[in-house]
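> Quick one: the structure is below, and I'll ask about it shortly.
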Amino acid sequence: MDTKFGWKLQRLAKKLWFRASLYALAGLLTALFSVFFAPALPPFISAKIGADAVDNILTILASSMLTVTTFSLSIMVTAFGAATNNGTPRAAALVAEDPTTQNVLATFLGSFLFSLVGIIALSAGAYGEEGRAVLFVVTLLVIAIIVGAILRWVDHLSRLGRVGDTIDRVERSAGNALQERRKRPSLGALPASPHDLFAPDDATMIHTPQIGYLQHVDVAALDAIGKKLETRVHLLAIPGWFCDPGRALAWIAPPDNDGADVADIKTEIASAFTIGAMRSFEQDPRFGLSILSEIASRELSPAVNDPGTAIDVIGRLTRLFWLFRGPLEQDEAETPRFDHVTAPRLTLHDLFEDAFDPISRDGAGHFEIQIRLQKTFKSLAGIDADMAAEAQILSERALAWAERSVSVEDHLKRLRDMAKQVEAMSGGPQ
């Protein structure tokens, strides 16, 4: 989302406690609903329902849902550990944000609270005969919801925490970020020219006292500041960059208004940048590519020795680059909306290095990895001239790694031939 508030709300909605709180509140309101709806129920219906029927069912639900919730939480913690051990610790956050897991746990917690509140209200005499009947019907609906949640949970457990599931999640997150950046190459701002990336001597530089990764930029807020000051805010940092007090985030021309408080302007602009201890996926496509590459490197380690998974990751990286730079639909690209802000674009060089450099290094001695990389570079070179140039650079680098580690001459010959094909597609030596 463009605004800082919207981004924080989106991040909040992914927290387990947030969804569980909503379901718990829904369970509480559902239990109390029977008290107020009871007068609308015909008396002959309540006469057919035993007085103790609801009490027994709610008691069973309360005890079983507490046990199931605790057991499910332990399963989720185990899945976090599996994602960390089989993939990378950076991917565990995506497992924690899994909507199916959160919905199931929240359903169990909400059902427990519904049962508990229902038992308390029954003991306090809040329900009459009609109220008990309404509560009985609602309880049956809650049981149906629980059964559906358990069936989804059983099916989901067969995949949760496995390395393939973790890679799927990272690929989806990286793909979403790349698609968003494809539509808005400069975060919705104007693309920065080379002149915009070098501040003049009299420019007002924007710094932050925080040290960490830039997670989000509120471009809409910066655009509003630019309009108010009748100038442009020139970004020097984009999400994913590591920031410190000595590194400027942005700069603006000196305010024409002599009465303007420069310190207040700096503080206002700096507040549009969110700095955190870890990188985030939403505005940082490089993060997802780096995690995929990190997973492949771990699979190529002597302790794991699973080149098949690394080859799978290379295929997913190929798909992501085609998604980012493949043929563009006419209505896919957006016109910059914030004309009082300039921002640098992602560079293909950085994206290629994040994705393929670690795999080329750690898979240097695996012929099957090296040949797959060369085939990938050949595929990506066919997208456009810029991609071809970067593909050739990484192709030559991967070949250099392979020549130091691959001992079979026939394998080296095949790699050299494939690298020449990549070079031919890029128009020759760079």
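Every chain in the structure tokens takes a letter, A first, then B, and so on in the order presented; its residues are numbered from 1, and the ligands are numbered from 1 following the presented order.
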Please identify which residues in region 125-249 of chain A DSSP calls strand (DSSP E) from the backbone, and express them as a PyMOL selection string.
chain A and resi 189-191+204-206+212-217+233-235+242-243
> Write out, as a tab-separated table, each residue of region 48-108 of chain A that has an atom at most 12 Å from region 7-12 of chain A, together with the closest pair of atoms and their distance in Å to one decimal, counting only C-alpha atoms, rows going by chain and rising number.

residue	atom	partner	partner_atom	distance
A:Ala93	CA	A:Arg11	CA	11.6
A:Leu94	CA	A:Arg11	CA	11.7
A:Glu97	CA	A:Arg11	CA	9.5
> How about saving the chosen residues, C-alpha atoms kept, as a compact mmCIF listing (two decimals), in the first residue's frame?

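So out.txt came out as:
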# COMPACT_ATOMS: atom_id res chain seq x y z
CA ALA A 93 7.82 -15.41 8.75
CA LEU A 94 5.82 -16.46 5.69
CA GLU A 97 1.50 -15.50 8.06
> Find the residues near region 224-227 of chain A: any atom within 10 Å, counting only C-alpha atoms, skip ones fewer than 6 places away on the same chain, and give them as a PyMOL selection string.
chain A and resi 233-234+252+265+268-269+338-341
> Name the closest residue to Ser63 (chain A) among the candidates A:Ser115, A:Asn103, A:Ser186, A:Asn85; distances are taken between atoms, counting only C-alpha atoms.
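Of A:Ser115, A:Asn103, A:Ser186, A:Asn85, the one nearest Ser63 (chain A) is A:Ser115, counting only C-alpha atoms.
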> At a cut-off of 7 Å, using only C-alpha atoms, what residues contact Ala248 (chain A)? Leave out same-chain residues fewer than 2 positions from it and give the result as a ChimeraX atom specification.
/A:205-207,236,246,250
> Set out as JSON lines a contact list for region 99-217 of chain A and region 308-322 of chain A with a cut-off of 10 Å, giving each residue of region 99-217 of chain A that qualifies its closest atom pair and distance in Å to one decimal, counting only C-alpha atoms, ordered by chain and rising residue number.

{"residue": "A:Val163", "atom": "CA", "partner": "A:Thr309", "partner_atom": "CA", "distance": 8.6}
{"residue": "A:Gly164", "atom": "CA", "partner": "A:Thr309", "partner_atom": "CA", "distance": 8.3}
{"residue": "A:Ile167", "atom": "CA", "partner": "A:Val313", "partner_atom": "CA", "distance": 7.7}
{"residue": "A:Asp168", "atom": "CA", "partner": "A:Arg316", "partner_atom": "CA", "distance": 9.0}
{"residue": "A:Glu171", "atom": "CA", "partner": "A:Arg316", "partner_atom": "CA", "distance": 7.1}
{"residue": "A:Arg172", "atom": "CA", "partner": "A:Leu320", "partner_atom": "CA", "distance": 9.3}
{"residue": "A:Ala174", "atom": "CA", "partner": "A:Leu320", "partner_atom": "CA", "distance": 7.7}
{"residue": "A:Gly175", "atom": "CA", "partner": "A:Leu320", "partner_atom": "CA", "distance": 6.1}
{"residue": "A:Asn176", "atom": "CA", "partner": "A:Leu320", "partner_atom": "CA", "distance": 9.7}
{"residue": "A:Leu178", "atom": "CA", "partner": "A:Leu320", "partner_atom": "CA", "distance": 7.7}
{"residue": "A:Gln179", "atom": "CA", "partner": "A:Leu320", "partner_atom": "CA", "distance": 9.1}
> With a distance cut-off of 8 Å and only C-alpha atoms, select the neighbouring residues of Arg286 (chain A), excluding the residue or stretch itself and same-chain residues fewer than 6 positions from it, and output the selection as JSON, numbers by chain.
{"A": [174, 240, 350, 351, 354]}
> Deliver the residues from the most recent selection as a file, using C-alpha atoms, as a PDB file, in the first residue's frame.

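Full text of out_7.pdb as output:
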ATOM      1  CA  ALA A 174       8.542 -12.419  -4.572  1.00  0.00           C
ATOM      2  CA  GLY A 240      15.622  -3.153   0.997  1.00  0.00           C
ATOM      3  CA  ASP A 350      21.304  -6.224  -8.629  1.00  0.00           C
ATOM      4  CA  LEU A 351      18.407  -8.592  -9.288  1.00  0.00           C
ATOM      5  CA  ASP A 354      20.822 -11.566  -5.790  1.00  0.00           C
TER       6      ASP A 354
END
> Which polymer residues have any atom within 8 Å of an atom of region 72-81 of chain A, counting only C-alpha atoms, with same-chain residues fewer than 2 positions away left out, as JSON, numbers by chain?
{"A": [68, 69, 70, 83, 84, 85, 92, 95, 96, 101, 105, 160, 161, 162]}
> If you keep N, CA and C atoms, can you produce a file of those selected residues as a PDB file, in the first residue's frame?

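Dumped everything to selection-v2.pdb:
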ATOM      1  N   VAL A  68      -7.346 -28.900  21.514  1.00  0.00           N
ATOM      2  CA  VAL A  68      -7.035 -28.846  20.080  1.00  0.00           C
ATOM      3  C   VAL A  68      -6.232 -27.588  19.752  1.00  0.00           C
ATOM      4  N   THR A  69      -6.594 -26.455  20.362  1.00  0.00           N
ATOM      5  CA  THR A  69      -5.863 -25.213  20.111  1.00  0.00           C
ATOM      6  C   THR A  69      -4.415 -25.335  20.566  1.00  0.00           C
ATOM      7  N   THR A  70      -4.201 -25.874  21.763  1.00  0.00           N
ATOM      8  CA  THR A  70      -2.840 -26.046  22.273  1.00  0.00           C
ATOM      9  C   THR A  70      -2.034 -26.993  21.379  1.00  0.00           C
ATOM     10  N   ALA A  83      10.575 -25.063   8.599  1.00  0.00           N
ATOM     11  CA  ALA A  83      10.846 -24.060   7.564  1.00  0.00           C
ATOM     12  C   ALA A  83      12.224 -23.448   7.745  1.00  0.00           C
ATOM     13  N   THR A  84      12.631 -23.265   9.016  1.00  0.00           N
ATOM     14  CA  THR A  84      13.950 -22.699   9.291  1.00  0.00           C
ATOM     15  C   THR A  84      15.055 -23.677   8.927  1.00  0.00           C
ATOM     16  N   ASN A  85      14.869 -24.936   9.279  1.00  0.00           N
ATOM     17  CA  ASN A  85      15.913 -25.935   9.050  1.00  0.00           C
ATOM     18  C   ASN A  85      15.986 -26.384   7.591  1.00  0.00           C
ATOM     19  N   ALA A  92      10.646 -18.254   7.547  1.00  0.00           N
ATOM     20  CA  ALA A  92       9.734 -18.698   8.598  1.00  0.00           C
ATOM     21  C   ALA A  92       8.599 -17.705   8.822  1.00  0.00           C
ATOM     22  N   VAL A  95       5.568 -18.576   6.849  1.00  0.00           N
ATOM     23  CA  VAL A  95       4.795 -19.683   7.424  1.00  0.00           C
ATOM     24  C   VAL A  95       3.892 -19.152   8.534  1.00  0.00           C
ATOM     25  N   ALA A  96       4.416 -18.217   9.335  1.00  0.00           N
ATOM     26  CA  ALA A  96       3.610 -17.639  10.409  1.00  0.00           C
ATOM     27  C   ALA A  96       2.435 -16.834   9.874  1.00  0.00           C
ATOM     28  N   THR A 101      -3.572 -21.568   8.269  1.00  0.00           N
ATOM     29  CA  THR A 101      -3.195 -21.884   9.648  1.00  0.00           C
ATOM     30  C   THR A 101      -3.821 -20.893  10.622  1.00  0.00           C
ATOM     31  N   LEU A 105      -6.598 -21.923  13.568  1.00  0.00           N
ATOM     32  CA  LEU A 105      -6.314 -21.661  14.978  1.00  0.00           C
ATOM     33  C   LEU A 105      -7.293 -20.652  15.561  1.00  0.00           C
ATOM     34  N   LEU A 160       2.443 -28.280   5.281  1.00  0.00           N
ATOM     35  CA  LEU A 160       2.963 -27.198   6.108  1.00  0.00           C
ATOM     36  C   LEU A 160       4.377 -27.493   6.597  1.00  0.00           C
ATOM     37  N   GLY A 161       5.293 -26.563   6.350  1.00  0.00           N
ATOM     38  CA  GLY A 161       6.657 -26.676   6.839  1.00  0.00           C
ATOM     39  C   GLY A 161       7.598 -27.434   5.926  1.00  0.00           C
ATOM     40  N   ARG A 162       7.087 -28.107   4.901  1.00  0.00           N
ATOM     41  CA  ARG A 162       7.969 -28.826   3.993  1.00  0.00           C
ATOM     42  C   ARG A 162       8.730 -27.836   3.119  1.00  0.00           C
TER      43      ARG A 162
END
> Which residue is closest to Phe136 (chain A)? Choose from A:Leu348, A:Ala149, A:Asp55, A:Met65 and count only C-alpha atoms.
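Answer, going by the shortest atom-to-atom distance: A:Asp55.
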> May I ask which of the residues A:Thr208, A:Ser173, A:Thr59, A:Ser405 is the closest one to Leu122 (chain A), counting only C-alpha atoms?
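Checking each candidate against Leu122 (chain A), we get A:Thr59 as the closest.
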